Structures are given as C-alpha cells and as structure tokens.
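**Q** Next comes target.cif, mmCIF, C-alpha atoms:
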data_input
#
loop_
_atom_site.label_atom_id
_atom_site.label_comp_id
_atom_site.auth_asym_id
_atom_site.auth_seq_id
_atom_site.Cartn_x
_atom_site.Cartn_y
_atom_site.Cartn_z
CA MET A 1 -21.86 -6.65 -8.82
CA THR A 2 -22.91 -8.93 -5.98
CA ALA A 3 -22.00 -8.50 -2.33
CA ALA A 4 -19.61 -11.46 -2.62
CA ASP A 5 -17.82 -9.80 -5.56
CA ASN A 6 -17.57 -6.56 -3.56
CA SER A 7 -16.15 -8.52 -0.65
CA VAL A 8 -13.48 -10.15 -2.81
CA ALA A 9 -12.60 -6.80 -4.44
CA GLY A 10 -12.33 -5.12 -1.05
CA ILE A 11 -10.23 -7.88 0.52
CA SER A 12 -7.84 -8.07 -2.43
CA ALA A 13 -7.50 -4.26 -2.53
CA ALA A 14 -6.72 -4.22 1.20
CA MET A 15 -4.09 -6.95 0.72
CA PHE A 16 -2.42 -5.04 -2.11
CA TYR A 17 -2.59 -1.83 -0.09
CA THR A 18 -0.95 -3.55 2.88
CA ALA A 19 1.86 -4.97 0.74
CA SER A 20 2.69 -1.69 -0.97
CA TYR A 21 2.41 0.41 2.17
CA ALA A 22 4.60 -2.05 4.07
CA ALA A 23 7.35 -1.65 1.45
CA MET A 24 7.34 2.13 1.36
CA ASN A 25 6.84 2.67 5.10
CA VAL A 26 9.62 0.26 6.04
CA GLY A 27 11.93 2.21 3.74
CA ALA A 28 10.84 5.65 4.91
CA PHE A 29 11.04 4.77 8.59
CA ALA A 30 14.42 3.09 8.09
CA ILE A 31 15.80 6.39 6.79
CA VAL A 32 14.21 8.37 9.63
CA SER A 33 15.63 5.85 12.11
CA HIS A 34 19.05 6.19 10.50
CA PHE A 35 18.98 9.95 11.08
CA ALA A 36 17.77 9.52 14.65
CA ASN A 37 20.55 7.05 15.46
CA ALA A 38 23.23 9.36 14.06
CA GLY A 39 22.96 11.64 17.08
CA GLU A 40 20.58 9.74 19.36
CA ARG A 41 18.06 12.54 19.07
CA TYR A 42 14.63 13.42 17.78
CA VAL A 43 14.51 14.10 14.07
CA THR A 44 12.98 17.36 12.87
CA LEU A 45 12.17 18.58 9.41
CA GLU A 46 15.23 20.84 9.49
CA ASP A 47 17.44 17.74 9.73
CA TYR A 48 16.56 16.99 6.10
CA GLU A 49 17.60 20.41 4.79
CA GLY A 50 20.07 20.07 1.96
CA LEU A 51 20.00 16.25 2.02
CA GLY A 52 19.78 16.30 -1.78
CA ARG A 53 23.28 17.79 -1.87
CA THR A 54 24.95 16.06 1.06
CA SER A 55 23.56 12.57 0.40
CA PRO A 56 21.86 12.46 -3.01
CA LEU A 57 21.26 8.69 -3.01
CA LEU A 58 19.58 8.73 0.40
CA ALA A 59 17.50 11.75 -0.64
CA ALA A 60 16.44 10.06 -3.89
CA THR A 61 15.45 6.93 -1.98
CA LEU A 62 13.37 8.92 0.51
CA THR A 63 11.81 10.84 -2.40
CA ILE A 64 10.63 7.58 -3.99
CA PHE A 65 8.96 6.59 -0.74
CA MET A 66 7.37 10.02 -0.28
CA LEU A 67 6.03 10.06 -3.85
CA SER A 68 4.61 6.59 -3.36
CA LEU A 69 2.95 7.63 -0.10
CA ILE A 70 1.34 10.50 -2.03
CA GLY A 71 0.12 8.06 -4.67
CA ILE A 72 2.08 9.24 -7.70
CA PRO A 73 1.79 6.89 -10.72
CA MET A 74 4.53 4.31 -11.30
CA THR A 75 4.76 3.63 -7.56
CA GLY A 76 3.02 1.05 -5.42
CA GLY A 77 1.14 3.75 -3.53
CA PHE A 78 -0.71 4.80 -6.68
CA PHE A 79 -2.19 1.38 -7.35
CA ALA A 80 -2.80 0.77 -3.64
CA LYS A 81 -4.99 3.86 -3.43
CA PHE A 82 -6.55 3.21 -6.83
CA TYR A 83 -7.66 -0.32 -5.93
CA VAL A 84 -8.95 0.65 -2.49
CA PHE A 85 -10.91 3.61 -3.83
CA SER A 86 -12.25 1.51 -6.73
CA ALA A 87 -13.45 -1.20 -4.35
CA ALA A 88 -15.15 1.44 -2.18
CA VAL A 89 -16.91 2.99 -5.21
CA LYS A 90 -18.07 -0.43 -6.46
CA ALA A 91 -19.51 -1.11 -3.00
CA ASN A 92 -21.37 2.24 -3.15
CA LEU A 93 -19.28 3.68 -0.33
CA ILE A 94 -18.87 7.05 -2.00
CA TRP A 95 -18.61 8.89 1.34
CA LEU A 96 -15.68 6.67 2.32
CA THR A 97 -13.97 7.33 -1.01
CA ILE A 98 -14.37 11.09 -0.56
CA ILE A 99 -12.87 10.91 2.95
CA GLY A 100 -9.97 8.87 1.58
CA VAL A 101 -9.27 11.31 -1.25
CA VAL A 102 -9.39 14.30 1.10
CA ASN A 103 -7.02 12.58 3.54
CA SER A 104 -4.68 11.74 0.65
CA ALA A 105 -4.61 15.38 -0.40
CA ILE A 106 -3.83 16.51 3.15
CA GLY A 107 -1.09 13.88 3.44
CA ALA A 108 0.40 14.97 0.11
CA TYR A 109 1.09 18.41 1.56
CA TYR A 110 3.21 16.93 4.35
CA TYR A 111 5.07 14.49 2.13
CA LEU A 112 5.86 17.20 -0.42
CA ARG A 113 7.22 19.43 2.37
CA VAL A 114 9.90 16.83 3.09
CA ILE A 115 10.90 16.72 -0.58
CA VAL A 116 11.02 20.52 -0.82
CA VAL A 117 13.20 20.74 2.29
CA MET A 118 15.61 18.09 0.98
CA TYR A 119 16.17 19.70 -2.40
CA MET A 120 15.31 23.39 -2.14
CA ARG A 121 16.82 24.47 1.16
CA GLU A 122 20.40 24.79 2.24
CA SER A 123 21.33 23.08 5.45
CA ARG A 124 21.66 25.52 8.34
CA LYS A 125 23.40 22.90 10.44
CA ASN A 126 26.83 21.48 9.94
CA VAL A 127 25.59 17.91 9.67
CA PRO A 128 28.26 15.36 8.79
CA VAL A 129 27.35 12.88 6.10
CA THR A 130 26.69 9.61 7.84
CA ARG A 131 27.65 6.36 6.22
CA VAL A 132 24.75 4.01 5.45
CA PRO A 133 25.40 0.60 7.02
CA PHE A 134 25.24 -2.45 4.77
CA GLY A 135 22.08 -3.85 6.41
CA LEU A 136 20.24 -0.56 6.01
CA GLY A 137 21.36 -0.34 2.39
CA VAL A 138 19.95 -3.81 1.69
CA ALA A 139 16.66 -2.99 3.44
CA LEU A 140 16.34 0.26 1.46
CA ALA A 141 17.16 -1.47 -1.82
CA VAL A 142 14.52 -4.15 -1.21
CA SER A 143 11.95 -1.51 -0.24
CA VAL A 144 12.66 0.60 -3.33
CA VAL A 145 12.48 -2.43 -5.65
CA ALA A 146 9.20 -3.56 -4.07
CA THR A 147 7.70 -0.06 -4.23
CA LEU A 148 8.59 0.36 -7.91
CA TYR A 149 7.65 -3.23 -8.82
CA LEU A 150 4.17 -2.79 -7.31
CA GLY A 151 3.83 0.46 -9.25
CA LEU A 152 5.06 -0.80 -12.60
CA LEU A 153 3.89 -4.45 -12.59
CA PRO A 154 1.03 -4.75 -10.08
CA ASP A 155 -0.90 -7.45 -11.98
CA ARG A 156 0.82 -10.52 -10.53
CA VAL A 157 0.50 -9.37 -6.91
CA LEU A 158 -3.08 -8.22 -7.45
CA ARG A 159 -4.01 -11.55 -9.04
CA TYR A 160 -2.46 -13.37 -6.09
CA ALA A 161 -4.41 -11.12 -3.69
CA GLN A 162 -7.66 -11.82 -5.58
CA GLU A 163 -7.10 -15.57 -5.46
CA SER A 164 -6.34 -15.33 -1.75
CA ALA A 165 -9.47 -13.24 -1.18
CA GLN A 166 -11.53 -15.92 -2.95
CA GLU A 167 -10.12 -18.47 -0.51
CA LEU A 168 -10.91 -16.26 2.48
CA ARG A 169 -14.50 -15.62 1.44
CA PRO A 170 -16.95 -17.97 3.14
CA GLN A 171 -18.24 -20.52 0.68
CA THR A 172 -22.00 -20.72 0.36
CA PRO A 173 -23.35 -24.16 -0.39
CA ASP A 174 -24.79 -24.73 -3.81
CA PRO A 175 -28.56 -25.14 -3.37
CA VAL A 176 -28.81 -27.59 -6.28
CA ALA A 177 -26.05 -29.84 -4.96
CA THR A 178 -27.34 -29.89 -1.37
CA THR A 179 -30.89 -31.03 -2.11
CA SER A 180 -31.31 -34.72 -1.65
CA PRO A 181 -32.52 -36.66 -4.63
CA GLN A 182 -36.16 -37.59 -4.46
CA THR A 183 -36.81 -41.13 -3.45
CA PRO A 184 -39.08 -43.00 -5.79
CA ARG A 185 -42.58 -43.60 -4.46
CA PRO A 186 -43.73 -47.14 -4.19
CA GLU A 187 -46.47 -48.04 -6.58
CA GLY A 188 -49.99 -47.62 -5.42
CA ILE A 189 -49.30 -44.72 -3.01
CA PRO A 190 -50.95 -41.59 -4.31
CA GLU A 191 -48.98 -38.35 -4.52
CA ARG A 192 -50.15 -35.61 -2.15
#
Take the structure in this file and express it as structure tokens.
**A**
Amino acid sequence: MTAADNSVAGISAAMFYTASYAAMNVGAFAIVSHFANAGERYVTLEDYEGLGRTSPLLAATLTIFMLSLIGIPMTGGFFAKFYVFSAAVKANLIWLTIIGVVNSAIGAYYYLRVIVVMYMRESRKNVPVTRVPFGLGVALAVSVVATLYLGLLPDRVLRYAQESAQELRPQTPDPVATTSPQTPRPEGIPER
C-alpha cells in the first residue's frame, strides 16, 4: 500500500470516527445534562443508581451510547475503532494501535460501571422521575438512530468518507501528461 493510500485510509477512518463519536457523545452528554439541570447540581455516579427501574427508556438510551463508546459490535463505535485501528496497522503504526487498544480497554471499565450502576443497584436517593422534554427526546432519538445506523450499515458513510478523503488528498501531477511534446528538429541539424 502506498503512502497516498495510507493517507486516504487514515483520513476516511478519522471522518467516520468523528461522525460516529459525535452521534454517541451528543446523546450521552444530553442525558448527563438533563440530570444536571434537574437539580442544578453536579452529577455523580450515584445519581444513576436504579435508573433502569425508574426510567427504563432513558437508561436503555444511555446504555446504547455507553456500549458504542466501548466499541461493541452493531454500534457506530465498533466500526469507528475498527477503521481507525486498521488504518494505523496498514500504515505500520503498530505502537499507536496498541496504545489505542489499551486506552479502549481502560475506557470500557468506566463505561461499564455506569451500566452496572443503572441496572444492578437500587437508588439510595429519593430521586423523582424527571420528564424528558420534547427537544431532548428528539435529540436522543436522532443520536440513537445515527449510532445504530453507523453500526449496522456503515458502508454508505464510509464510502462517502473515502471519496471525500480522495478529494482532500493533494493531487500529484502525472509525469507523462506534464512533459512537453518534443519539437521536431529541423533537417540538417545533427542530434546531440
């Protein structure tokens, strides 16, 4: 694989990664913001205790985002990490791939903790169930659809990212097309 091919693979992987991480992070941070606005306070891990029972739809939505952030298959996060790590391996950046995999494993621990707290702990606080505003519901629905779409049908977005990366790559002139045609020598002048 040439350096130009590696460049296109890396750029398109970064574009796909950005699209999928934008979808899942917007959704996850929208839920965290919703909890913070409920009492105008900082949100702690204990605030999510028992969310699976008190607000199952909100908990399921946050679970989708957390699983995607981990990189579980059938989510956008899986293909985002897969394409980035593949581009790094093809570019012989094995050390970068190893660092990325280790960081993903560390991150998985924290994301799984949120899921465990939501479904496997009873709430110690008497937290009222807050109503999800219409705008937040729409934003969460769009984020969930985008996260699952990028995990189930990534081909169209990846193809678009590859075509865009081709356009971004600097074009090198074709050496055959840039050479000027040889002018014919007048008769009687010897060739050197």
**Q** Taking all atoms listed in the file into account, name the residue in A:Ser164, A:Thr61, A:Asn25, A:Thr97 that is nearest to Ile115 in chain A.
**A** A:Thr61
**Q** Enumerate, as a compact mmCIF listing (two decimals) with C-alpha atoms, keeping the file's coordinate frame, the residues matched when the PyMOL selection byres ((chain A and resi 141-157) around 10) is run on the file above.
**A**
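As written to disk, selection14.txt reads:
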# COMPACT_ATOMS: atom_id res chain seq x y z
CA SER A 12 -7.84 -8.07 -2.43
CA MET A 15 -4.09 -6.95 0.72
CA PHE A 16 -2.42 -5.04 -2.11
CA TYR A 17 -2.59 -1.83 -0.09
CA ALA A 19 1.86 -4.97 0.74
CA SER A 20 2.69 -1.69 -0.97
CA TYR A 21 2.41 0.41 2.17
CA ALA A 22 4.60 -2.05 4.07
CA ALA A 23 7.35 -1.65 1.45
CA MET A 24 7.34 2.13 1.36
CA ASN A 25 6.84 2.67 5.10
CA VAL A 26 9.62 0.26 6.04
CA GLY A 27 11.93 2.21 3.74
CA ALA A 28 10.84 5.65 4.91
CA ALA A 30 14.42 3.09 8.09
CA THR A 61 15.45 6.93 -1.98
CA LEU A 62 13.37 8.92 0.51
CA ILE A 64 10.63 7.58 -3.99
CA PHE A 65 8.96 6.59 -0.74
CA SER A 68 4.61 6.59 -3.36
CA LEU A 69 2.95 7.63 -0.10
CA GLY A 71 0.12 8.06 -4.67
CA ILE A 72 2.08 9.24 -7.70
CA PRO A 73 1.79 6.89 -10.72
CA MET A 74 4.53 4.31 -11.30
CA THR A 75 4.76 3.63 -7.56
CA GLY A 76 3.02 1.05 -5.42
CA GLY A 77 1.14 3.75 -3.53
CA PHE A 78 -0.71 4.80 -6.68
CA PHE A 79 -2.19 1.38 -7.35
CA ALA A 80 -2.80 0.77 -3.64
CA GLY A 135 22.08 -3.85 6.41
CA LEU A 136 20.24 -0.56 6.01
CA GLY A 137 21.36 -0.34 2.39
CA VAL A 138 19.95 -3.81 1.69
CA ALA A 139 16.66 -2.99 3.44
CA LEU A 140 16.34 0.26 1.46
CA LEU A 158 -3.08 -8.22 -7.45
CA ARG A 159 -4.01 -11.55 -9.04
CA TYR A 160 -2.46 -13.37 -6.09
CA ALA A 161 -4.41 -11.12 -3.69
CA GLN A 162 -7.66 -11.82 -5.58
CA GLU A 163 -7.10 -15.57 -5.46
**Q** Which protein, DNA or RNA residues have an atom at most 10 Å from (13.6, 18.7, -0.8), counting all atoms listed in the file? List them as a list in words.
**A**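 Here is the list of nearby residues: Tyr48, Glu49, Gly50, Leu51, Gly52, Arg53, Ala59, Ala60, Leu62, Thr63, Tyr111, Leu112, Arg113, Val114, Ile115, Val116, Val117, Met118, Tyr119, Met120, Arg121 and Glu122 of chain A.
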**Q** Could you work out how far CA of Val32 in chain A lies from CA of Leu57 in chain A, giving the answer in Å with one decimal?
**A**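 Result for CA of Leu57 in chain A versus CA of Val32 in chain A: 14.5 Å, one decimal.
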**Q** Which one of A:Ile11, A:Arg124, A:Val132, A:Ala165 sits closest to Asp47 in chain A if you count all atoms listed in the file?
**A** A:Arg124
